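Peer 1: Quick one: the structure is below, and I'll ask about it shortly.
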There are 2 protein chains.
Amino acid sequence: MSFITNEFAPLGSVKIRDGFWSRYQDIAKEKIIPYQWRVLNDQVPDTEPSHAIANFRIAAGLEKGDFHGYVFQDSDVAKWLEAVAYRLTIAPDAALEQTADGVIDLIGQAQEEDGYLDTYFQITAPDKKFTNLLDCHELYCAGHMTEAAVAYYEATGKDKLLSIMRRFVDLIDEKIGPEEGKLHGYPGHPELELALCRLYRATGEKRYLNLAKYMVDARGTEPHFFDWELEKREHRGFWGGGRVDRVDKKYNQSHKPIREQTEAVGHSVRAGYLYTGVADLAAETGDEGLARAARNLWDNVVNRQMYVTGGVGSQVWGEAFTFDYHLPNDSAYNETCAAISMVFFAKRMLRMDPDSRYSDVMERLLYNGTISGMALDGQHFFYTNPLAVWERATKNAGVVGHIQSKRPGWFGCACCPPNLARMITSLGSYVYSASADTVYAHLYVGSEAVLDVGGRQVTLSQTGNYPWDGHIAFTLSAGAYGLALRIPGWARTFSVRVNGAEVCPSVTKGYAVLRRTWRDGDTVELDLPMPVEFVEANPLLRADDGRVALMRGPVVYCLESADNGDCLDALSVCDPGDYAAETDSTLFPGMTAIVGPAVRQKPWTADALYRRYEGADAEKVTIRAIPYAFWDNREDTREMIVWVRKA
Amino acid sequence: MSFITNEFAPLGSVKIRDGFWSRYQDIAKEKIIPYQWRVLNDQVPDTEPSHAIANFRIAAGLEKGDFHGYVFQDSDVAKWLEAVAYRLTIAPDAALEQTADGVIDLIGQAQEEDGYLDTYFQITAPDKKFTNLLDCHELYCAGHMTEAAVAYYEATGKDKLLSIMRRFVDLIDEKIGPEEGKLHGYPGHPELELALCRLYRATGEKRYLNLAKYMVDARGTEPHFFDWELEKREHRGFWGGGRVDRVDKKYNQSHKPIREQTEAVGHSVRAGYLYTGVADLAAETGDEGLARAARNLWDNVVNRQMYVTGGVGSQVWGEAFTFDYHLPNDSAYNETCAAISMVFFAKRMLRMDPDSRYSDVMERLLYNGTISGMALDGQHFFYTNPLAVWERATKNAGVVGHIQSKRPGWFGCACCPPNLARMITSLGSYVYSASADTVYAHLYVGSEAVLDVGGRQVTLSQTGNYPWDGHIAFTLSAGAYGLALRIPGWARTFSVRVNGAEVCPSVTKGYAVLRRTWRDGDTVELDLPMPVEFVEANPLLRADDGRVALMRGPVVYCLESADNGDCLDALSVCDPGDYAAETDSTLFPGMTAIVGPAVRQKPWTADALYRRYEGADAEKVTIRAIPYAFWDNREDTREMIVWVRKA
């Protein structure tokens with residue numbers, strides 16, 4: 001028995017033709033993937049060498065040398081291959097496919113007789129395999145490569161990498177499990193769990209699901225595996241330094257069994273991948289305990305620990321969640337990868353329960369806190385995504401020393417750029433899902449789709465100018481099925497027309513459902529008015545008290561010093577009705593800016609810090625807000641804020 | 001030629017009888033000094049042993065053992081002795097004096113033949129003396145012990161410690177200086193400079209002044225002494241770890257010659273002591289370049305880098321200044337010692353220029369950012385003094401992990417408690433100064449004073465209920481002299497009566513000067529109305545934009561959760577006229593609380609973080625503010641804020 005009520009249309013069946021996302025997919029195709037390939041091969045001058053391909057060549061015995069890079073360097077190759085798989089699905093490219101095949105051949109050569117595959121251990125410590133699941137990312141790398149294998153198989157039909165990874169996973173299955181003599185362990189950095197679920201779905205092999213379930217359920221139980229492992233290692237840490245006294249179990253979410261966890265803690269990417277795997281398992285196995293854990297953790301993240309951009313992870317220490325309502329804007333960590341992991345989590349929740357509580361968050365993430373990680377040139381990336389930046393502070397004050405005010409180029413720990421690449425290239429697989437009788441439109445992305453609805457083929461064409469405009473049009477193929485349109489939480493009202501005639505569909509769990517026997521070429525138009533809105537935060541979210549965020553449709557806006565001068569906190573806004581949307585294609589084709597009046601505290605003539613307050617001393621000014629995701633695409637990045645004071 | 005225009009009345013000539021400060025002096029007498037004595041002798045159970053007296057006994061050959069404690073552990077004994085000296089001046093105590101004499105005997109026994117005195121080097125590394133002025137606090141400890149020696153000599157007339165320290169200073173003078181063969185060095189932690197100026201004033205020996213001047217002027221010149229020293233040490237650091245590549249010169253203010261410094265940088269206590277020494281030297285030598293440097297640095301600190309409480313040092317990293325207008329409230333470091341060092345600096349500036357720009361800041365520091373470091377029980381102390389505290393964040397978020405929401409007991413690095421003790425016990429020496437013909441009343445502290453005004457004795461009695469009440473009365477002795485009364489910057493108006501009749505004195509540099517031939521028993525009454533005021537910050541101070549601080553007289557107020565519930569940032573205040581002062585002696589005799597209306601955002605019923613803003617959803621509440629210095633004297637310390645949102 002499973003909890004799956006609807007299934008997402010696979011990537012190959014949804015062709016994106018969208019003013020917004022096609023451009024991002026072009027960037028992935030033309031910039032990120034080719035650039036990363038050169039990075040992986042150490043062909044980019046003035047950049048820290050990746051050595052990732054070289055590591056595989058050394059492990060394969062094709063060249064001599066040492067391992068270089070992070071212990072999880074292999075995963076960079078995996079994420080590249082995964083993105084390539086999606087990109088080949090979107091648009092075939094024989095040369096690229098040949099390159100990928102070559103990499104897969106190399107991976108095969110690097111794999112050991114027994115299936116083992118992890119170049120770090122193969123090159124530097126062959127006798128230490130499976131002795132430090134806590135720190136060494138062996139299972140994490142296996143997870144990413146397994147995702148790549150499934151994606152490449154689905155994209156090309158070629159099963160070489162799939163076979164390679166099945167052999168490695170079989171080896172892991174031999175080493176880890178509840179049986180005596182096996183390690184009662186699980187990954188220090190979750191990822192393999194969700195990958196095993198994907199592998200199960202691709203192959204139908206139940207044992208992959210069982211292994212994932214073992215790892216998820218063993219996590220955090222006593223006797224604690226990581227304690228046992230640490231003792232076994234005589235308290236030696238991997239990261240150098242002296243004796244490690246204890247394991248920070250909250251950091252990797254092994255502080256208690258997952259079924260007892262109700263609060264998101266620790267490293268936010270680890271959390272996001274783990275929760276995604278938990279939701280996957282709940283869906284596939286119909287395990288109510290796991291489903292409840294997934295719902296509890298979702299609710300905690302979304303209702304207590306998520307920035308308005310969708311970002312998660314409030315602090316640099318441990319790149320981690322802190323606690324409920326602690327969401328400081330300027331020191332926020334908000335790793336790009338963590339936001340992406342929440343997109344994965346949302347998709348898994350939607351498979352069990354097509355409720356806009358999940359898809360609204362997915363949309364929030366997609367248009368804001370994920371793509372903010374990449375410059376519009378596709379060549380500069382943020383690891384952190386704060387909601388307030390004062391450049392001078394980032395350079396002179398430790399409290400925000402982890403924040404950058406300009407996206408750097410490709411960086412040493414290159415997890416985020418390829419993660420963005422795989423999210424962007426696979427976006428088509430997030431747009432629609434179908435139950436036995438209903439198509440769910442989760443995202444408003446221009447596209448041509450062919451869907452399987454209860455065994456019947458349905459074609460669906462979607463057009464619009466989202467997220468800048470709320471008019472979306474669908475053309476449907478014939479058949480008796482429901483079309484469920486997400487009515488976003490940000491929309492005050494909506495209207496729907498079928499073949500030009502207004503209808504009043506009922507809304508269930510945030511979806512307006514049109515159920516009828518369609519004829520070929522029937523049209524459905526959805527209108528979502530997009531006035532400029534002020535959003536306020538729960539008063540318990542202290543950092544935002546007395547402030548509002550400007551939104552329009554799903555897009556969160558920000559103020560930059562490039563448009564509004566210095567000292568953005570001296571500004572306050574009055575009424576959302578004063579603001580106008582203005583198309584401005586300078587940064588991005590069709591982009592909508594928000595323009596309107598604000599009040600600015602007048603500068604002081606005295607060189608002083610404090611004075612008696614004798615009433616507001618302010619002047620009227622005009623401010624201009626741009627989408628948060630597009631900040632730092634101009635030279636001046638002295639300041640940026642999302643939350644503006646409300647006069 | 002000197003720049004000294006007026007001289008502070010020495011401690012022995014001003015007896016404090018004050019509702020506010022006498023209580024603090026009692027705490028110093030009854031709690032801090034006896035408690036610290038037990039700490040120094042390792043007699044306090046459950047407290048990290050100080051070992052400071054033991055270190056001297058070991059150095060003196062009276063017992064065997066290792067050195068324990070910080071490299072600057074000797075300075076704890078010095079600060080204790082200095083506080084004891086002041087305390088004996090306030091109120092003789094034969095037993096305490098005998099104890100102190102015993103300690104001084106011990107120090108004498110510990111001193112080496114050539115005058116050397118620093119138990120860390122004597123015990124652990126006798127061959128390393130004067131090889132690491134950067135890190136090892138040798139000259140810093142010498143400075144504190146010299147201050148103690150001068151204070152003890154002035155208090156008791158006994159010159160034993162003075163002789164001891166003159167011998168050590170003479171040795172330092174032999175080792176350090178511009179001559180070939182000497183070290184061209186200066187203290188990594190300034191303090192000796194100001195101590196040498198005190199020693200010069202106490203002894204009239206010009207060479208102490210010259211040595212101080214050498215150290216101040218050599219600082220930051222090229223070739224850089226700390227670079228030379230580091231190379232000489234083969235780049236070994238003192239604090240363990242590997243090779244030290246470079247010296248952080250900004251940290252210790254040696255990044256450029258002092259005459260070129262216009263911005264306060266680095267470790268704030270180092271800065272405060274250095275600037276104090278610079279002002280001392282400028283005053284004593286009439287060196288305009290040094291005076292200008294002191295003024296520039298004063299202006300930068302006060303006009304750009306000082307919290308409204310007087311606190312300085314915006315960050316935990318390096319316990320340091322950051323940069324202009326960067327004054328975050330919740331992560332502020334504001335070390336108690338740094339605030340105290342600014343009191344020292346202010347006094348030195350006043351000697352050159354009796355301008356209320358200096359004394360107003362001194363007052364701000366005394367009533368707010370210094371004494372906030374101590375609980376009203378005299379037994380718990382803050383090292384850091386933030387202006388906003390959210391207890392849960394201090395315990396769960398690294399960004400404010402250095403902040404404590406409850407004052408701990410005496411701590412290992414015990415610099416702040418004895419520093420408070422010496423400031424509080426010596427307060428009498430900050431109240432009055434006199435020029436050839438004028439008495440300056442810098443502080444309004446109930447007291448009986450005997451002053452030397454141009455060689456003539458003047459007695460002055462001051463009574464009042466400051467800082468809770470603005471009525472201050474003086475009774476004067478006969479003579480022709482001016483009485484200059486500070487008109488605080490916080491006062492909107494003032495009135496003065498002489499023998500009951502209102503007069504209209506002119507105000508020069510913030511002082512209302514009454515100049516006449518007084519008769520014995522003449523009375524002067526000063527009235528400073530004390531309404532509740534809102535204070536606003538320069539808009540460039542981003543952290544406080546849209547907020548006000550509540551003040552009454554010199555006292556900065558705060559809101560605590562104990563009075564106002566949780567989530568203090570959900571509150572906003574409207575008009576200062578709505579607020580009333582209310583006497584409440586629960587925490588402190590005669591304390592004035594501020595009570596009045598505010599608006600509180602209503603709690604949400606939905607478990608959500610964000611919603612569309614549809615207008616303010618708030619309720620009227622009554623808030624109660626207490627003096628900032630008195631926060632955390634009750635059990636509930638969940639939250640505290642100084643800057644409240646202005647509706």
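Letters for chains follow the order of the structure tokens (A, B, ...), residue numbers begin at 1 for each chain, and ligand numbers begin at 1 in the order shown.
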Under the rule of at most 6 Å, produce a per-residue listing of chain B near chain A: chain, number, name, the closest pair of atoms, and the distance in Å, as JSON lines, using only C-alpha atoms.
Peer 2:
{"residue": "B:Asn303", "atom": "CA", "partner": "A:Ala608", "partner_atom": "CA", "distance": 4.5}
{"residue": "B:Thr322", "atom": "CA", "partner": "A:Ala397", "partner_atom": "CA", "distance": 5.9}
{"residue": "B:Ala397", "atom": "CA", "partner": "A:Thr322", "partner_atom": "CA", "distance": 5.9}
{"residue": "B:Phe534", "atom": "CA", "partner": "A:Tyr613", "partner_atom": "CA", "distance": 5.3}
{"residue": "B:Val535", "atom": "CA", "partner": "A:Arg612", "partner_atom": "CA", "distance": 4.4}
{"residue": "B:Glu536", "atom": "CA", "partner": "A:Tyr613", "partner_atom": "CA", "distance": 5.3}
{"residue": "B:Ala537", "atom": "CA", "partner": "A:Tyr610", "partner_atom": "CA", "distance": 4.5}
{"residue": "B:Asn538", "atom": "CA", "partner": "A:Leu609", "partner_atom": "CA", "distance": 5.0}
{"residue": "B:Pro539", "atom": "CA", "partner": "A:Ala570", "partner_atom": "CA", "distance": 5.7}
{"residue": "B:Arg542", "atom": "CA", "partner": "A:Asp569", "partner_atom": "CA", "distance": 5.7}
{"residue": "B:Asp545", "atom": "CA", "partner": "A:Ala570", "partner_atom": "CA", "distance": 5.8}
{"residue": "B:Asp569", "atom": "CA", "partner": "A:Arg542", "partner_atom": "CA", "distance": 5.7}
{"residue": "B:Ala570", "atom": "CA", "partner": "A:Pro539", "partner_atom": "CA", "distance": 5.7}
{"residue": "B:Ala608", "atom": "CA", "partner": "A:Asn303", "partner_atom": "CA", "distance": 4.5}
{"residue": "B:Leu609", "atom": "CA", "partner": "A:Asn538", "partner_atom": "CA", "distance": 5.0}
{"residue": "B:Tyr610", "atom": "CA", "partner": "A:Ala537", "partner_atom": "CA", "distance": 4.5}
{"residue": "B:Arg611", "atom": "CA", "partner": "A:Val535", "partner_atom": "CA", "distance": 5.5}
{"residue": "B:Arg612", "atom": "CA", "partner": "A:Val535", "partner_atom": "CA", "distance": 4.4}
{"residue": "B:Tyr613", "atom": "CA", "partner": "A:Val535", "partner_atom": "CA", "distance": 5.0}
Peer 1: Could you please take those selected residues and save N, CA, C and O atoms as a PDB file, in the first residue's frame?
Peer 2:
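This went into part_5.pdb:
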ATOM      1  N   ASN B 303      31.051  60.105  18.129  1.00  0.00           N
ATOM      2  CA  ASN B 303      30.087  60.523  17.106  1.00  0.00           C
ATOM      3  C   ASN B 303      29.764  59.433  16.094  1.00  0.00           C
ATOM      4  O   ASN B 303      28.850  59.589  15.293  1.00  0.00           O
ATOM      5  N   THR B 322      34.162  48.098  14.961  1.00  0.00           N
ATOM      6  CA  THR B 322      34.050  47.653  13.572  1.00  0.00           C
ATOM      7  C   THR B 322      34.259  48.861  12.660  1.00  0.00           C
ATOM      8  O   THR B 322      35.363  49.102  12.195  1.00  0.00           O
ATOM      9  N   ALA B 397      21.823  30.362  18.923  1.00  0.00           N
ATOM     10  CA  ALA B 397      22.271  30.941  17.657  1.00  0.00           C
ATOM     11  C   ALA B 397      23.669  31.519  17.831  1.00  0.00           C
ATOM     12  O   ALA B 397      23.903  32.353  18.705  1.00  0.00           O
ATOM     13  N   PHE B 534      12.321  60.842  24.309  1.00  0.00           N
ATOM     14  CA  PHE B 534      12.692  59.850  23.301  1.00  0.00           C
ATOM     15  C   PHE B 534      13.980  60.338  22.646  1.00  0.00           C
ATOM     16  O   PHE B 534      14.114  61.523  22.345  1.00  0.00           O
ATOM     17  N   VAL B 535      14.883  59.444  22.438  1.00  0.00           N
ATOM     18  CA  VAL B 535      16.123  59.763  21.735  1.00  0.00           C
ATOM     19  C   VAL B 535      16.132  58.985  20.440  1.00  0.00           C
ATOM     20  O   VAL B 535      15.755  57.805  20.409  1.00  0.00           O
ATOM     21  N   GLU B 536      16.508  59.665  19.359  1.00  0.00           N
ATOM     22  CA  GLU B 536      16.605  58.934  18.087  1.00  0.00           C
ATOM     23  C   GLU B 536      18.060  58.884  17.658  1.00  0.00           C
ATOM     24  O   GLU B 536      18.890  59.678  18.111  1.00  0.00           O
ATOM     25  N   ALA B 537      18.350  57.937  16.786  1.00  0.00           N
ATOM     26  CA  ALA B 537      19.720  57.766  16.304  1.00  0.00           C
ATOM     27  C   ALA B 537      19.841  58.351  14.902  1.00  0.00           C
ATOM     28  O   ALA B 537      18.854  58.440  14.161  1.00  0.00           O
ATOM     29  N   ASN B 538      21.041  58.735  14.578  1.00  0.00           N
ATOM     30  CA  ASN B 538      21.356  59.171  13.219  1.00  0.00           C
ATOM     31  C   ASN B 538      20.857  58.103  12.232  1.00  0.00           C
ATOM     32  O   ASN B 538      21.092  56.913  12.441  1.00  0.00           O
ATOM     33  N   PRO B 539      20.167  58.527  11.159  1.00  0.00           N
ATOM     34  CA  PRO B 539      19.640  57.526  10.221  1.00  0.00           C
ATOM     35  C   PRO B 539      20.721  56.596   9.665  1.00  0.00           C
ATOM     36  O   PRO B 539      20.422  55.477   9.263  1.00  0.00           O
ATOM     37  N   ARG B 542      21.911  52.212  10.984  1.00  0.00           N
ATOM     38  CA  ARG B 542      20.825  51.402  10.440  1.00  0.00           C
ATOM     39  C   ARG B 542      20.070  50.594  11.495  1.00  0.00           C
ATOM     40  O   ARG B 542      18.854  50.417  11.403  1.00  0.00           O
ATOM     41  N   ASP B 545      17.151  52.630  13.050  1.00  0.00           N
ATOM     42  CA  ASP B 545      16.203  53.384  12.229  1.00  0.00           C
ATOM     43  C   ASP B 545      14.779  53.002  12.608  1.00  0.00           C
ATOM     44  O   ASP B 545      14.454  51.822  12.739  1.00  0.00           O
ATOM     45  N   ASP B 569       9.891  43.411  20.446  1.00  0.00           N
ATOM     46  CA  ASP B 569       9.914  44.148  19.180  1.00  0.00           C
ATOM     47  C   ASP B 569       8.520  44.288  18.572  1.00  0.00           C
ATOM     48  O   ASP B 569       8.335  45.003  17.592  1.00  0.00           O
ATOM     49  N   ALA B 570       7.552  43.604  19.148  1.00  0.00           N
ATOM     50  CA  ALA B 570       6.172  43.780  18.684  1.00  0.00           C
ATOM     51  C   ALA B 570       5.544  45.042  19.279  1.00  0.00           C
ATOM     52  O   ALA B 570       4.436  45.424  18.929  1.00  0.00           O
ATOM     53  N   ALA B 608       1.577  30.480  11.249  1.00  0.00           N
ATOM     54  CA  ALA B 608       2.128  30.874   9.952  1.00  0.00           C
ATOM     55  C   ALA B 608       3.174  31.951  10.170  1.00  0.00           C
ATOM     56  O   ALA B 608       3.203  32.603  11.222  1.00  0.00           O
ATOM     57  N   LEU B 609       4.010  32.117   9.189  1.00  0.00           N
ATOM     58  CA  LEU B 609       5.059  33.138   9.300  1.00  0.00           C
ATOM     59  C   LEU B 609       4.690  34.435   8.599  1.00  0.00           C
ATOM     60  O   LEU B 609       5.114  35.505   9.021  1.00  0.00           O
ATOM     61  N   TYR B 610       3.930  34.346   7.512  1.00  0.00           N
ATOM     62  CA  TYR B 610       3.690  35.535   6.695  1.00  0.00           C
ATOM     63  C   TYR B 610       2.220  35.619   6.289  1.00  0.00           C
ATOM     64  O   TYR B 610       1.555  34.600   6.156  1.00  0.00           O
ATOM     65  N   ARG B 611       1.760  36.843   6.095  1.00  0.00           N
ATOM     66  CA  ARG B 611       0.417  37.038   5.575  1.00  0.00           C
ATOM     67  C   ARG B 611       0.365  38.403   4.896  1.00  0.00           C
ATOM     68  O   ARG B 611       1.223  39.265   5.131  1.00  0.00           O
ATOM     69  N   ARG B 612      -0.654  38.568   4.081  1.00  0.00           N
ATOM     70  CA  ARG B 612      -0.855  39.845   3.424  1.00  0.00           C
ATOM     71  C   ARG B 612      -1.094  40.913   4.495  1.00  0.00           C
ATOM     72  O   ARG B 612      -1.852  40.677   5.446  1.00  0.00           O
ATOM     73  N   TYR B 613      -0.465  42.068   4.333  1.00  0.00           N
ATOM     74  CA  TYR B 613      -0.669  43.153   5.285  1.00  0.00           C
ATOM     75  C   TYR B 613      -1.959  43.879   4.940  1.00  0.00           C
ATOM     76  O   TYR B 613      -2.107  44.395   3.835  1.00  0.00           O
TER      77      TYR B 613
END
Peer 1: Compile the contact shell of Gly143 of chain B as a list in words: residues with an atom at most 6 Å away, counting only C-alpha atoms, same-chain residues fewer than 2 positions apart removed.
Peer 2: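 The residues satisfying every condition are Tyr140, Cys141, Met145, Thr146, Glu191, Leu192 and Ala195 of chain B.
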Peer 1: Quick one: pick out all alpha helix (DSSP H) residues within segment 387-613 of chain A from a backbone DSSP run and write them as a list of chain:residue names.
Peer 2: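 Residues of segment 387-613 of chain A classed as alpha helix (DSSP H): A:Glu391, A:Arg392, A:Ala393, A:Thr394, A:Lys395, A:Asn396, A:Cys416, A:Pro417, A:Pro418, A:Asn419, A:Leu420, A:Ala421, A:Arg422, A:Met423, A:Ile424, A:Thr425, A:Ser561, A:Ala562, A:Asp563, A:Asn564.
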Peer 1: Write out as JSON, numbers by chain each polymer residue whose atoms come within 12 Å of Arg166 of chain A, counting only C-alpha atoms; drop sequence neighbours fewer than 3 positions from it.
Peer 2: {"A": [108, 111, 114, 115, 116, 117, 142, 143, 145, 146, 147, 149, 150, 159, 160, 161, 162, 163, 169, 170, 171, 172, 173, 195, 196, 198, 199, 200, 202, 203, 205, 207, 208]}
Peer 1: Those selected residues, please, written with C-alpha atoms and delivered as a compact mmCIF listing (two decimals), in the first residue's frame.
Peer 2:
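Once everything was written out, this is selection.txt:
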# COMPACT_ATOMS: atom_id res chain seq x y z
CA GLY A 108 33.02 2.17 -14.64
CA GLN A 111 34.74 1.03 -9.87
CA ASP A 114 33.25 -5.68 -5.54
CA GLY A 115 31.31 -2.64 -6.71
CA TYR A 116 32.96 -0.08 -4.45
CA LEU A 117 33.14 3.41 -5.88
CA ALA A 142 26.75 7.22 -3.76
CA GLY A 143 23.38 8.92 -3.50
CA MET A 145 25.72 9.24 -8.43
CA THR A 146 22.64 7.04 -8.09
CA GLU A 147 20.40 10.02 -8.87
CA ALA A 149 22.35 7.09 -12.96
CA VAL A 150 18.57 7.07 -12.80
CA ASP A 159 21.82 1.69 -18.31
CA LYS A 160 25.57 1.56 -17.90
CA LEU A 161 25.76 4.03 -15.02
CA LEU A 162 22.61 2.48 -13.57
CA SER A 163 24.32 -0.91 -13.53
CA VAL A 169 24.35 -0.04 -3.84
CA ASP A 170 24.30 -3.83 -3.62
CA LEU A 171 27.67 -3.65 -1.89
CA ILE A 172 26.33 -1.00 0.51
CA ASP A 173 23.35 -3.28 1.14
CA ALA A 195 18.31 8.34 -4.21
CA LEU A 196 17.45 4.76 -3.23
CA ARG A 198 14.43 6.92 -7.04
CA LEU A 199 16.39 3.79 -7.85
CA TYR A 200 13.49 1.71 -6.59
CA ALA A 202 13.32 3.22 -11.80
CA THR A 203 13.99 -0.49 -11.31
CA GLU A 205 13.62 -3.49 -6.95
CA ARG A 207 15.40 -4.05 -1.73
CA TYR A 208 16.48 -0.51 -2.53
Peer 1: I'd like to know which of B:Gly428, B:Pro178, B:Pro627, B:Gly500 is closest to Phe8 of chain B, using only C-alpha atoms.
Peer 2: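 Under the stated criterion, the closest residue is B:Gly428.
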Peer 1: I'd like the contact shell of Arg364 of chain A - 7 Å cut-off, only C-alpha atoms, skipping same-chain residues fewer than 6 positions apart - returned as a list of chain:residue names.
Peer 2: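 With the cut-off at 7 Å, the set is A:Thr309, A:Gly310, A:Pro554.
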Peer 1: What is the atom CA of His380 of chain B-atom CA of Asp74 of chain B distance in Å, reported with one decimal?
Peer 2: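 Interatomic distance, atom CA of His380 of chain B to atom CA of Asp74 of chain B: 21.9 Å.
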Peer 1: Go through B:Asp66, B:Ala9, B:Gly378, B:Leu40 and flag the residue nearest Gln457 of chain B, using only C-alpha atoms for the distances.
Peer 2: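 That would be B:Ala9, the residue with the smallest distance to Gln457 of chain B.
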Peer 1: In Å to one decimal, how far is atom CA of Leu526 of chain B from atom CA of Ser495 of chain B?
Peer 2: 5.9 Å
Peer 1: What separation in Å, quoted to one decimal, exists between atom CA of Leu211 of chain B and atom CA of Thr131 of chain B?
Peer 2: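 Between atom CA of Leu211 of chain B and atom CA of Thr131 of chain B the gap works out to 18.5 Å.
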